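This report refers to the structure that appears directly beneath it.
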Amino acid sequence: MARRSAPMLSREAMLASVPCLNPAVRWQELDSGEIMAVYKKQTTRLGTLVTKLLCMPELAQLIIDDIGARVVRAIDGKRTVSELIAFVSQEFKMSRKESEISLLKYLELLGRRRLVGFEVVSNAKDS
């Protein structure tokens with residue numbers, strides 16, 4: 001069964017999209033300033049069968065370091081990707097371009113694990 005690829009977005013639409021934390025993920029603040037995300041692993045039917053046969057855990061944990069945790073805390077379901085880029089730029093004293101590259105890669109990682117989803121505004125304005 002082929003996996004559906006995500007529709008291609010224009011740069012403007014992507015920057016205007018609003019990342020949202022997946023409510024099915026348990027987000028736990030740690031004393032160290034890190035965040036632990038506990039989520040159900042994505043599996044195929046065969047993977048589910050193997051998991052049950054071998055008594056493997058169905059949940060996965062991801063420890064997000066202090067830097068990533070600051071970004072996750074800033075994802076409030078209201079800020080756009082563009083606003084988060086400005087936040088990262090200011091918070092970590094980086095150029096906008098560095099911030100954009102780093103944040104987009106990080107959001108891609110969180111998105112692939114289905115920890116974050118994106119609300120895409122249908123008529124995004126040019127930035």
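Chain labels follow the order of the structure tokens: the first chain is A, the next B, and so on; residue numbering restarts at 1 in every chain, and ligands are counted from 1 in their shown order.
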
- Query: Where does DSSP see strand (DSSP E or B) in range 36-114 of chain A, if you list the residues as an MDAnalysis selection string?
  - Reply: chainID A and resid 36:40 59:64

Would you mind exporting the chosen residues as a PDB file, in the first residue's frame, restricted to C-alpha atoms?
```pdb
ATOM      1  CA  MET A  36       9.194  14.310  27.449  1.00  0.00           C
ATOM      2  CA  ALA A  37       6.705  13.469  24.711  1.00  0.00           C
ATOM      3  CA  VAL A  38       4.976  10.095  25.116  1.00  0.00           C
ATOM      4  CA  TYR A  39       3.103   8.929  22.044  1.00  0.00           C
ATOM      5  CA  LYS A  40       1.787   5.816  20.351  1.00  0.00           C
ATOM      6  CA  LEU A  59       4.340   3.761  23.271  1.00  0.00           C
ATOM      7  CA  ALA A  60       7.452   5.719  22.416  1.00  0.00           C
ATOM      8  CA  GLN A  61       9.143   8.465  24.407  1.00  0.00           C
ATOM      9  CA  LEU A  62      11.087  11.399  23.059  1.00  0.00           C
ATOM     10  CA  ILE A  63      13.107  13.649  25.348  1.00  0.00           C
ATOM     11  CA  ILE A  64      13.223  17.168  23.937  1.00  0.00           C
TER      12      ILE A  64
END
```

- Query: Got a sec: who's within 8 Å of Ile35 in chain A, counting only C-alpha atoms, leaving out chain neighbours fewer than 2 positions off, as a ChimeraX atom specification?
  - Reply: /A:27-30,33,37,63-66,69

- Computed interatomic separation between CA of Leu104 in chain A and CA of Val18 in chain A (Å):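 The value is 12.5 Å.
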
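Ranking A:Ser32, A:Ser102, A:Thr80, A:Ser95 by their shortest atom-to-atom distance to Pro19 in chain A, with only C-alpha atoms included, puts A:Thr80 first.
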
- Query: Hey, can you check how far CA of Ser89 in chain A sits from CA of Arg26 in chain A?
  - Reply: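 Interatomic distance here is 27.7 Å.
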
- Item | Counting only C-alpha atoms, the option among A:Gly68, A:Ala24, A:Glu119, A:Ser99 closest to Glu83 in chain A |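 Smallest separation from Glu83 in chain A among the options: A:Ser99.
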
- Two-atom distance - CA of Lys93 in chain A, CA of Tyr106 in chain A (Å):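 Interatomic distance here is 17.3 Å.
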